[in-house]
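A.B. asks: CSV, C-alpha atoms, saved as model_15.csv, coming up:
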```csv
chain,number,residue,atom,x,y,z
A,1,MET,CA,-7.7,-16.2,-21.8
A,2,ASN,CA,-8.4,-12.4,-22.4
A,3,ASP,CA,-12.2,-13.1,-22.2
A,4,ARG,CA,-11.6,-14.8,-18.8
A,5,VAL,CA,-9.6,-11.9,-17.5
A,6,ARG,CA,-12.3,-9.4,-18.7
A,7,GLU,CA,-14.9,-11.5,-17.0
A,8,MET,CA,-12.9,-11.6,-13.7
A,9,LEU,CA,-12.2,-7.8,-13.8
A,10,ALA,CA,-15.8,-7.0,-14.5
A,11,LEU,CA,-16.8,-9.1,-11.4
A,12,LEU,CA,-14.1,-7.4,-9.2
A,13,LEU,CA,-15.0,-3.9,-10.2
A,14,GLU,CA,-18.6,-4.3,-9.3
A,15,PHE,CA,-17.7,-4.5,-5.6
A,16,ASP,CA,-17.3,-1.2,-3.9
A,17,THR,CA,-14.3,-2.0,-1.8
A,18,THR,CA,-13.4,1.6,-0.9
A,19,SER,CA,-11.3,1.3,2.3
A,20,ARG,CA,-14.1,2.6,4.5
A,21,GLU,CA,-16.4,-0.2,3.3
A,22,SER,CA,-16.3,-3.9,3.9
A,23,ASN,CA,-14.5,-6.1,1.4
A,24,LEU,CA,-16.2,-9.3,2.5
A,25,ALA,CA,-18.5,-9.7,-0.5
A,26,LEU,CA,-15.5,-9.6,-2.8
A,27,ILE,CA,-13.3,-11.9,-0.7
A,28,GLU,CA,-16.2,-14.4,-0.4
A,29,ALA,CA,-16.6,-14.3,-4.2
A,30,ILE,CA,-12.9,-15.0,-4.6
A,31,ARG,CA,-13.0,-17.8,-2.0
A,32,ASP,CA,-16.0,-19.4,-3.8
A,33,PHE,CA,-14.2,-19.1,-7.2
A,34,LEU,CA,-11.2,-20.9,-5.8
A,35,ALA,CA,-13.3,-23.5,-3.9
A,36,SER,CA,-15.1,-24.4,-7.1
A,37,ARG,CA,-11.7,-25.4,-8.5
A,38,GLY,CA,-10.7,-27.3,-5.4
A,39,VAL,CA,-8.5,-24.6,-3.8
A,40,THR,CA,-9.0,-24.0,-0.1
A,41,SER,CA,-8.7,-20.5,1.3
A,42,GLN,CA,-7.9,-19.1,4.8
A,43,LEU,CA,-9.6,-15.9,5.8
A,44,PHE,CA,-8.0,-13.5,8.3
A,45,TYR,CA,-10.7,-11.1,9.6
A,46,ASP,CA,-10.4,-7.7,11.3
A,47,GLU,CA,-11.6,-7.2,14.8
A,48,GLU,CA,-15.1,-6.2,13.7
A,49,GLY,CA,-15.4,-9.1,11.2
A,50,ARG,CA,-16.2,-6.6,8.4
A,51,LYS,CA,-13.0,-7.2,6.4
A,52,ALA,CA,-10.7,-10.0,5.7
A,53,ASN,CA,-7.4,-11.1,4.0
A,54,LEU,CA,-7.5,-14.2,1.9
A,55,TYR,CA,-4.6,-16.7,1.7
A,56,ALA,CA,-4.5,-19.8,-0.5
A,57,ARG,CA,-2.0,-22.3,-1.8
A,58,ILE,CA,-1.8,-24.3,-5.0
A,59,GLY,CA,0.7,-27.1,-5.5
A,60,PRO,CA,2.7,-29.4,-3.2
A,61,PRO,CA,3.0,-28.9,0.5
A,62,GLY,CA,6.1,-27.6,2.2
A,63,PRO,CA,8.0,-24.3,2.4
A,64,GLY,CA,9.1,-22.1,-0.5
A,65,GLY,CA,7.5,-21.2,-3.8
A,66,VAL,CA,6.2,-17.9,-5.1
A,67,MET,CA,3.5,-15.7,-3.7
A,68,LEU,CA,1.3,-13.4,-5.8
A,69,SER,CA,0.0,-10.6,-3.7
A,70,GLY,CA,-2.4,-7.7,-4.0
A,71,HIS,CA,-4.8,-5.5,-2.1
A,72,THR,CA,-8.6,-5.5,-2.6
A,73,ASP,CA,-9.4,-2.0,-1.3
A,74,VAL,CA,-9.6,1.1,-3.5
A,75,VAL,CA,-9.7,4.8,-2.9
A,76,PRO,CA,-12.9,6.8,-2.8
A,77,VAL,CA,-14.6,8.3,-5.9
A,78,ASP,CA,-16.1,11.2,-3.9
A,79,ASP,CA,-16.0,14.6,-5.6
A,80,GLN,CA,-14.3,13.1,-8.7
A,81,ALA,CA,-15.8,13.9,-12.1
A,82,TRP,CA,-16.2,10.4,-13.6
A,83,THR,CA,-17.6,10.1,-17.2
A,84,VAL,CA,-18.0,6.3,-16.8
A,85,PRO,CA,-19.6,4.3,-13.9
A,86,PRO,CA,-16.8,3.8,-11.4
A,87,PHE,CA,-18.0,0.5,-10.1
A,88,GLN,CA,-18.6,-1.1,-13.5
A,89,LEU,CA,-16.3,-2.2,-16.2
A,90,THR,CA,-16.3,0.0,-19.3
A,91,GLU,CA,-14.2,-1.0,-22.3
A,92,HIS,CA,-13.2,1.8,-24.7
A,93,ASP,CA,-10.2,2.4,-27.0
A,94,GLY,CA,-8.2,-0.6,-25.8
A,95,ARG,CA,-8.7,0.3,-22.1
A,96,TYR,CA,-10.7,-1.2,-19.2
A,97,TYR,CA,-12.1,1.6,-17.0
A,98,GLY,CA,-13.3,1.4,-13.4
A,99,ARG,CA,-12.2,2.3,-9.9
A,100,GLY,CA,-9.3,-0.1,-9.1
A,101,SER,CA,-8.8,-1.2,-12.6
A,102,ALA,CA,-5.1,-0.1,-12.4
A,103,ASP,CA,-4.7,-0.1,-8.6
A,104,MET,CA,-5.0,-3.0,-8.4
A,105,LYS,CA,-7.9,-5.2,-9.4
A,106,GLY,CA,-6.4,-5.6,-12.9
A,107,PHE,CA,-3.6,-7.7,-11.4
A,108,LEU,CA,-6.0,-9.6,-9.2
A,109,ALA,CA,-8.1,-10.4,-12.3
A,110,CYS,CA,-5.1,-11.7,-14.1
A,111,VAL,CA,-4.1,-13.9,-11.2
A,112,LEU,CA,-7.5,-15.4,-10.8
A,113,ALA,CA,-7.8,-16.0,-14.6
A,114,ALA,CA,-4.5,-17.9,-14.5
A,115,VAL,CA,-5.5,-20.2,-11.6
A,116,GLU,CA,-6.8,-22.9,-13.9
A,117,ASN,CA,-3.5,-23.0,-15.7
A,118,PHE,CA,-1.6,-23.4,-12.5
A,119,LEU,CA,-3.9,-26.3,-11.5
A,120,ALA,CA,-3.7,-28.0,-14.9
A,121,VAL,CA,0.0,-29.2,-14.5
A,122,PRO,CA,1.6,-30.4,-11.3
A,123,LEU,CA,3.9,-27.7,-9.8
A,124,ARG,CA,7.3,-28.4,-8.4
A,125,MET,CA,6.8,-25.8,-5.7
A,126,PRO,CA,3.8,-24.1,-4.2
A,127,LEU,CA,2.0,-21.0,-5.6
A,128,HIS,CA,0.7,-18.8,-2.8
A,129,LEU,CA,-2.1,-16.2,-3.3
A,130,ALA,CA,-2.5,-13.4,-0.8
A,131,PHE,CA,-5.2,-10.7,-1.1
A,132,SER,CA,-5.4,-8.1,1.6
A,133,TYR,CA,-7.6,-5.2,2.8
A,134,ASP,CA,-6.9,-1.6,4.0
A,135,GLU,CA,-3.6,-1.1,2.0
A,136,GLU,CA,-4.8,2.3,0.9
A,137,VAL,CA,-5.0,3.6,4.4
A,138,GLY,CA,-1.5,2.6,5.5
A,139,CYS,CA,-1.0,-1.1,4.8
A,140,LEU,CA,-3.0,-1.8,7.9
A,141,GLY,CA,-5.0,-4.9,7.0
A,142,VAL,CA,-2.3,-7.3,5.7
A,143,ARG,CA,-0.5,-7.5,9.1
A,144,SER,CA,-2.5,-10.5,10.3
A,145,LEU,CA,-1.6,-12.4,7.2
A,146,VAL,CA,2.1,-11.3,7.5
A,147,ASN,CA,2.0,-12.6,11.1
A,148,HIS,CA,0.6,-15.9,9.9
A,149,LEU,CA,3.4,-16.2,7.3
A,150,ARG,CA,6.1,-15.3,9.7
A,151,ALA,CA,5.0,-18.1,12.1
A,152,SER,CA,4.4,-20.7,9.3
A,153,SER,CA,6.8,-23.5,8.5
A,154,GLU,CA,5.5,-23.4,4.9
A,155,LYS,CA,5.9,-19.7,4.1
A,156,PRO,CA,6.8,-18.7,0.5
A,157,ALA,CA,10.4,-17.8,-0.4
A,158,LEU,CA,9.5,-15.1,-3.1
A,159,CYS,CA,6.7,-12.6,-3.5
A,160,ILE,CA,5.5,-10.5,-6.5
A,161,ILE,CA,3.2,-7.7,-5.6
A,162,GLY,CA,1.2,-6.6,-8.6
A,163,GLU,CA,1.0,-2.9,-8.0
A,164,PRO,CA,0.8,-0.9,-11.3
A,165,THR,CA,4.4,-0.5,-12.6
A,166,GLN,CA,3.6,-0.8,-16.3
A,167,MET,CA,5.0,-4.3,-16.1
A,168,ARG,CA,8.5,-3.0,-15.2
A,169,PRO,CA,10.1,-4.8,-12.2
A,170,VAL,CA,10.5,-2.6,-9.1
A,171,TYR,CA,13.0,-3.4,-6.4
A,172,GLY,CA,12.5,-0.6,-3.9
A,173,HIS,CA,10.3,2.1,-2.4
A,174,LYS,CA,10.3,4.3,0.6
A,175,GLY,CA,8.6,3.6,3.9
A,176,LYS,CA,6.0,5.8,5.5
A,177,LEU,CA,5.3,7.0,9.0
A,178,ALA,CA,2.1,8.9,9.6
A,179,ILE,CA,1.4,10.8,12.8
A,180,ARG,CA,-1.4,13.0,14.2
A,181,CYS,CA,-0.4,15.8,16.6
A,182,ARG,CA,-3.1,17.2,18.9
A,183,VAL,CA,-2.5,20.5,20.7
A,184,ALA,CA,-4.7,21.4,23.7
A,185,GLY,CA,-4.7,25.0,24.7
A,186,HIS,CA,-7.0,27.3,26.7
A,187,ALA,CA,-10.0,29.1,25.3
A,188,CYS,CA,-11.1,32.6,26.1
A,189,HIS,CA,-12.7,35.6,24.5
A,190,SER,CA,-10.4,36.9,21.8
A,191,ALA,CA,-10.5,40.4,23.4
A,192,TYR,CA,-8.5,38.9,26.2
A,193,ALA,CA,-6.2,36.8,24.0
A,194,PRO,CA,-3.2,36.9,26.4
A,195,ASP,CA,-5.3,35.1,29.0
A,196,GLY,CA,-5.7,32.1,26.7
A,197,VAL,CA,-3.4,29.5,25.1
A,198,ASN,CA,-3.9,29.6,21.3
A,199,ALA,CA,-3.7,26.0,20.1
A,200,ILE,CA,-3.4,27.0,16.5
A,201,SER,CA,-0.5,29.3,17.2
A,202,TYR,CA,1.4,26.5,19.0
A,203,ALA,CA,0.5,24.0,16.2
A,204,ALA,CA,2.0,26.5,13.8
A,205,LYS,CA,5.2,26.5,15.8
A,206,LEU,CA,5.3,22.7,15.6
A,207,ILE,CA,4.7,22.8,11.9
A,208,ASN,CA,7.6,25.3,11.5
A,209,LYS,CA,9.8,22.9,13.4
A,210,LEU,CA,8.7,20.1,11.1
A,211,ASP,CA,9.9,22.3,8.1
A,212,GLU,CA,13.3,22.6,9.8
A,213,LEU,CA,13.4,18.9,10.3
A,214,GLY,CA,12.4,18.2,6.7
A,215,GLN,CA,15.2,20.4,5.5
A,216,ALA,CA,17.7,18.3,7.5
A,217,LEU,CA,16.4,15.2,5.9
A,218,THR,CA,17.8,16.4,2.5
A,219,HIS,CA,21.3,15.8,3.8
A,220,GLN,CA,21.0,12.1,3.4
A,221,GLN,CA,20.4,11.1,-0.2
A,222,ASP,CA,20.0,7.9,-2.3
A,223,ARG,CA,19.9,8.6,-6.0
A,224,ARG,CA,18.1,5.4,-6.7
A,225,PHE,CA,14.9,7.1,-5.4
A,226,HIS,CA,13.0,10.2,-6.5
A,227,PRO,CA,13.1,12.4,-4.6
A,228,ALA,CA,16.5,11.2,-3.5
A,229,TRP,CA,15.9,12.0,0.2
A,230,SER,CA,13.3,11.3,2.8
A,231,THR,CA,10.4,13.8,2.7
A,232,LEU,CA,8.2,15.3,5.3
A,233,GLN,CA,4.9,17.1,4.8
A,234,VAL,CA,1.8,18.2,6.8
A,235,GLY,CA,-1.4,17.0,5.0
A,236,THR,CA,-4.3,18.2,7.1
A,237,ILE,CA,-4.9,20.7,9.9
A,238,HIS,CA,-8.1,21.4,11.9
A,239,GLY,CA,-8.6,23.9,14.7
A,240,GLY,CA,-10.6,26.7,16.2
A,241,ALA,CA,-14.3,27.3,16.7
A,242,ALA,CA,-14.9,31.0,15.9
A,243,LEU,CA,-12.8,34.0,15.1
A,244,ASN,CA,-13.6,35.7,18.4
A,245,ILE,CA,-12.6,32.7,20.5
A,246,VAL,CA,-8.9,31.9,21.3
A,247,PRO,CA,-8.8,28.3,19.9
A,248,GLN,CA,-8.7,25.6,22.6
A,249,SER,CA,-7.7,22.7,20.2
A,250,CYS,CA,-5.9,22.1,17.0
A,251,SER,CA,-4.7,18.9,15.3
A,252,PHE,CA,-2.7,18.2,12.3
A,253,ASP,CA,-1.5,15.1,10.4
A,254,PHE,CA,2.0,14.7,9.0
A,255,GLU,CA,3.9,12.0,7.3
A,256,VAL,CA,7.5,11.0,6.7
A,257,ARG,CA,8.3,9.2,3.5
A,258,TYR,CA,11.7,7.8,4.4
A,259,LEU,CA,14.5,6.0,2.6
A,260,PRO,CA,15.0,2.3,3.4
A,261,GLY,CA,17.5,2.0,6.2
A,262,SER,CA,16.9,5.4,7.7
A,263,ASP,CA,15.1,6.0,11.0
A,264,PRO,CA,11.8,8.1,10.8
A,265,GLN,CA,11.5,8.0,14.5
A,266,ALA,CA,14.3,10.6,14.7
A,267,VAL,CA,11.8,13.1,13.4
A,268,THR,CA,9.1,12.4,15.9
A,269,LEU,CA,11.6,12.3,18.8
A,270,ALA,CA,13.0,15.7,17.8
A,271,LEU,CA,9.5,17.1,17.5
A,272,ARG,CA,8.4,15.6,20.9
A,273,ASP,CA,11.6,17.1,22.5
A,274,TYR,CA,10.8,20.5,21.1
A,275,ALA,CA,7.2,20.3,22.4
A,276,ASP,CA,8.2,19.1,25.8
A,277,THR,CA,11.2,21.4,26.5
A,278,THR,CA,10.3,24.6,24.6
A,279,LEU,CA,6.5,24.9,24.0
A,280,LEU,CA,4.8,23.1,26.9
A,281,PRO,CA,6.5,25.1,29.7
A,282,THR,CA,5.4,28.3,28.1
A,283,MET,CA,1.9,27.1,27.5
A,284,ARG,CA,1.5,25.8,31.1
A,285,GLN,CA,2.5,29.2,32.6
A,286,THR,CA,-0.9,30.3,31.4
A,287,ALA,CA,-2.9,27.1,31.6
A,288,GLN,CA,-1.6,24.0,33.4
A,289,SER,CA,-4.0,21.8,31.4
A,290,SER,CA,-2.2,22.5,28.2
A,291,ALA,CA,-1.0,19.5,26.3
A,292,ILE,CA,0.6,18.2,23.1
A,293,ASP,CA,0.0,14.6,22.2
A,294,PHE,CA,1.1,12.4,19.3
A,295,GLN,CA,-0.8,9.5,17.8
A,296,LEU,CA,0.5,6.9,15.4
A,297,LEU,CA,-1.8,6.7,12.4
A,298,SER,CA,0.1,4.2,10.2
A,299,HIS,CA,3.6,2.9,9.6
A,300,TYR,CA,5.0,0.6,7.0
A,301,PRO,CA,8.7,-0.1,6.1
A,302,GLY,CA,10.4,0.6,2.9
A,303,LEU,CA,11.5,-2.0,0.4
A,304,LEU,CA,15.0,-2.5,-1.0
A,305,THR,CA,15.6,-5.9,-2.7
A,306,ASP,CA,18.8,-6.7,-4.5
A,307,PRO,CA,18.2,-6.0,-8.2
A,308,TYR,CA,21.1,-8.4,-9.0
A,309,SER,CA,19.7,-11.4,-7.1
A,310,ASP,CA,18.6,-14.6,-8.8
A,311,PHE,CA,15.0,-13.6,-8.0
A,312,ALA,CA,15.4,-10.3,-9.9
A,313,SER,CA,16.9,-12.2,-12.8
A,314,TRP,CA,14.0,-14.6,-12.9
A,315,LEU,CA,11.4,-11.8,-12.7
A,316,ALA,CA,13.1,-10.0,-15.5
A,317,GLN,CA,12.7,-13.1,-17.7
A,318,TRP,CA,9.1,-13.6,-16.7
A,319,CYS,CA,7.9,-10.1,-17.3
A,320,GLY,CA,10.2,-9.5,-20.3
A,321,SER,CA,12.0,-6.4,-18.9
A,322,ASP,CA,15.2,-5.9,-17.0
A,323,ASP,CA,14.5,-2.2,-16.6
A,324,PHE,CA,14.6,-2.3,-12.8
A,325,SER,CA,13.6,0.8,-10.9
A,326,THR,CA,12.2,2.2,-7.7
A,327,VAL,CA,8.7,3.8,-7.2
A,328,ALA,CA,7.6,6.8,-5.1
A,329,PHE,CA,4.5,5.1,-3.7
A,330,GLY,CA,4.5,2.5,-1.0
A,331,THR,CA,3.4,-1.1,-1.0
A,332,GLU,CA,3.0,-4.0,1.5
A,333,GLY,CA,6.3,-5.3,0.2
A,334,GLY,CA,8.4,-4.1,3.1
A,335,LEU,CA,6.2,-6.0,5.5
A,336,PHE,CA,6.6,-9.3,3.6
A,337,ASP,CA,10.3,-8.7,3.2
A,338,GLU,CA,10.6,-8.2,7.0
A,339,ALA,CA,8.8,-11.6,7.4
A,340,GLY,CA,11.6,-13.3,5.4
A,341,VAL,CA,9.9,-13.3,2.0
A,342,ALA,CA,12.0,-11.7,-0.7
A,343,THR,CA,9.7,-9.3,-2.5
A,344,LEU,CA,9.6,-7.4,-5.8
A,345,VAL,CA,6.8,-5.4,-7.4
A,346,CYS,CA,5.5,-5.8,-10.9
A,347,GLY,CA,2.0,-5.3,-12.3
A,348,PRO,CA,-0.2,-4.0,-15.1
A,349,GLY,CA,-1.1,-0.3,-15.5
A,350,SER,CA,0.3,2.9,-14.2
A,351,MET,CA,-0.1,4.8,-11.0
A,352,GLU,CA,-0.5,7.8,-13.2
A,353,GLN,CA,-4.1,6.5,-13.7
A,354,GLY,CA,-4.6,5.3,-10.1
A,355,HIS,CA,-6.6,7.4,-7.7
A,356,LYS,CA,-8.0,9.5,-10.5
A,357,PRO,CA,-11.4,9.8,-12.1
A,358,ASP,CA,-11.9,7.5,-15.1
A,359,GLU,CA,-9.1,5.2,-13.8
A,360,TYR,CA,-8.1,2.6,-16.4
A,361,VAL,CA,-5.7,-0.1,-17.3
A,362,SER,CA,-4.8,-0.7,-20.9
A,363,ILE,CA,-5.6,-4.1,-22.4
A,364,SER,CA,-2.1,-4.4,-23.7
A,365,GLN,CA,-0.8,-4.1,-20.0
A,366,ILE,CA,-3.3,-6.9,-19.0
A,367,GLU,CA,-1.9,-9.0,-21.9
A,368,ARG,CA,1.7,-8.5,-20.7
A,369,CYS,CA,0.7,-9.5,-17.2
A,370,MET,CA,-0.9,-12.7,-18.4
A,371,ALA,CA,2.3,-13.4,-20.4
A,372,MET,CA,4.3,-12.9,-17.2
A,373,LEU,CA,2.1,-15.3,-15.3
A,374,ALA,CA,2.3,-17.9,-18.1
A,375,ASN,CA,6.1,-17.7,-18.0
A,376,LEU,CA,6.0,-18.0,-14.2
A,377,HIS,CA,3.8,-21.1,-14.6
A,378,ARG,CA,6.2,-22.7,-17.0
A,379,TRP,CA,9.1,-22.0,-14.6
A,380,MET,CA,7.3,-23.5,-11.7
A,381,SER,CA,6.2,-26.6,-13.6
A,382,ALA,CA,9.3,-27.0,-15.8
A,383,GLU,CA,10.6,-30.5,-16.3
A,384,GLN,CA,14.2,-29.4,-16.0
A,385,ALA,CA,15.6,-28.9,-12.5
A,386,VAL,CA,14.7,-25.5,-11.0
A,387,PRO,CA,16.1,-23.9,-7.8
A,388,ASN,CA,14.5,-25.0,-4.6
A,389,VAL,CA,12.8,-21.7,-3.5
```
As a first step, turn the structure in this file into structure tokens.
C.D. replies:
Amino acid sequence: MNDRVREMLALLLEFDTTSRESNLALIEAIRDFLASRGVTSQLFYDEEGRKANLYARIGPPGPGGVMLSGHTDVVPVDDQAWTVPPFQLTEHDGRYYGRGSADMKGFLACVLAAVENFLAVPLRMPLHLAFSYDEEVGCLGVRSLVNHLRASSEKPALCIIGEPTQMRPVYGHKGKLAIRCRVAGHACHSAYAPDGVNAISYAAKLINKLDELGQALTHQQDRRFHPAWSTLQVGTIHGGAALNIVPQSCSFDFEVRYLPGSDPQAVTLALRDYADTTLLPTMRQTAQSSAIDFQLLSHYPGLLTDPYSDFASWLAQWCGSDDFSTVAFGTEGGLFDEAGVATLVCGPGSMEQGHKPDEYVSISQIERCMAMLANLHRWMSAEQAVPNV
């Protein structure tokens, strides 16, 4: 079995599925792998036809069952000091190296390696496979698949997302709202600065306002998360053309990582109100064309599944750990949960290795994941009565 996983992981790592690239070659390889074993896949393409989600079912028809889900895209390797080839499997000291080995092609390799076992014995409920694109840029790609599940009369009841958690079950994470703010001022020679509207200066006022709003978020806390409050930060800023020109434009991107159940729109509404009622009137006294616009970049909900549910109890048995926790990073889990599919997160590797040069997943973590899938297989094909999920 380990040889099969290694072979699958080596295949997956060879595809450069950085989010800016197409993932079709990888998706088609997975589709062909499944088809050779009699499993039919559905592909959900993006508008340009460059990327696709894959969805497949094994087992009996009807609603319910368990879905194993993961994303196929990876983050860039640009400007990272790799000592091994990033898009090739390297095995060393009990580790599999390569971009995406931890986040999260290691899990995908385990799932594909386990397919033949799930096909070997009739299942009492369906096993669903869901592989998505563009998770790393805001959980953008999976939405067409989520919409399909939401409308389906045969959607799964449960979902395990195999993000790297060191095979510890995770029941929650924060949501994320990402916004771009564009400030349009009025340019002039810097010697006559009062005749212009300095877009960078007004962007700075907006960023200072965001700092105030971020401080206010600390008043609502949930100790199950770390940090225990919703956080707000500005990640990029661009503006100006030359030092002797009053800058006409400036833009910055900010994000809110918010607690499940809280409303991130309160931040953007407060910032818009500050822009409309305080800044724009002053800007337009000098240049009527001045403007402040906001653009949604991405948004995905948080996840908060009951760690005392039957599903949580079953996952603890399958993965051999009842050390339930939350994680700081986001997943597609909140979207599945909103579609009516109860979701938990558990997968091999650690995010401590994800997104870094010489990313790796330990072979021992891969073995634990395969053990979890074997336990899941026994549960889904058990002769004794099992819950109708």
A.B. asks: I need the residue nearest Arg168 (chain A) from this list: A:Asp103, A:Asp322, A:Glu352, A:Glu338. Use only C-alpha atoms for the distance.
C.D. replies: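 The closest residue to Arg168 (chain A) is A:Asp322.
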A.B. asks: So which residues touch Trp314 (chain A) within 12 Å, counting all atoms listed in the file, skipping near sequence neighbours fewer than 6 positions away, as number ranges by chain?
C.D. replies: A: 66, 158, 160, 169, 307-308, 320-322, 344, 372, 375-376, 378-380, 386-387, 389
A.B. asks: Got a sec: who's within 10 Å of Pro60 (chain A), counting all atoms listed in the file, leaving out chain neighbours fewer than 4 positions off, as a list in words?
C.D. replies: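 Here the answer would be Gly65, Pro122, Leu123, Arg124, Met125, Pro126 and Leu127 of chain A.
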A.B. asks: By how many Å are CA of Asp93 (chain A) and CA of Lys356 (chain A) apart?
C.D. replies: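 Between CA of Asp93 (chain A) and CA of Lys356 (chain A) the gap works out to 18.1 Å.
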A.B. asks: Residues around (-12.1, 23.1, 13.4), cut-off 10 Å, counting all atoms listed in the file - what are they as a list in words?
C.D. replies: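 With a cut-off of 10 Å, the residues come to Ile237, His238, Gly239, Gly240, Ala241, Ala242, Pro247, Ser249, Cys250 and Ser251 of chain A.
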A.B. asks: Between A:Leu259, A:Leu34, A:Ala187, A:Ala371, single out the one closest to Phe225 (chain A), counting only C-alpha atoms.
C.D. replies: A:Leu259
A.B. asks: Taking into account all atoms listed in the file, which residue in the set A:Ile179, A:Ala193, A:Cys139, A:Ala204 is nearest to Glu255 (chain A)?
C.D. replies: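 For Glu255 (chain A), the nearest of the candidates is A:Ile179.
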A.B. asks: Pick from A:Asp195, A:Asp273, A:Asp293, A:Asp263: nearest to Val246 (chain A), with only C-alpha atoms counted?
C.D. replies: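 Nearest candidate to Val246 (chain A) out of A:Asp195, A:Asp273, A:Asp293, A:Asp263: A:Asp195.
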A.B. asks: I'd like the contact shell of Thr90 (chain A) - 12 Å cut-off, only C-alpha atoms, skipping same-chain residues fewer than 4 positions apart - returned as a PyMOL selection string.
C.D. replies: chain A and resi 6-7+9-10+13-14+82-86+94-99+101+358-363
A.B. asks: Quick one, how far is CA of Lys155 (chain A) from CA of Gly100 (chain A)?
C.D. replies: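 Answer for the CA of Lys155 (chain A) to CA of Gly100 (chain A) separation: 28.1 Å.
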A.B. asks: Between CA of Val111 (chain A) and CA of Gly64 (chain A), what distance in Å does the model show, to one decimal?
C.D. replies: 18.9 Å
A.B. asks: With only C-alpha atoms as the basis for distance, which of A:Arg37, A:His173, A:Arg284, A:Lys209 is at the shortest distance from Tyr258 (chain A)?
C.D. replies: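 So, comparing all the options, the nearest one is A:His173.
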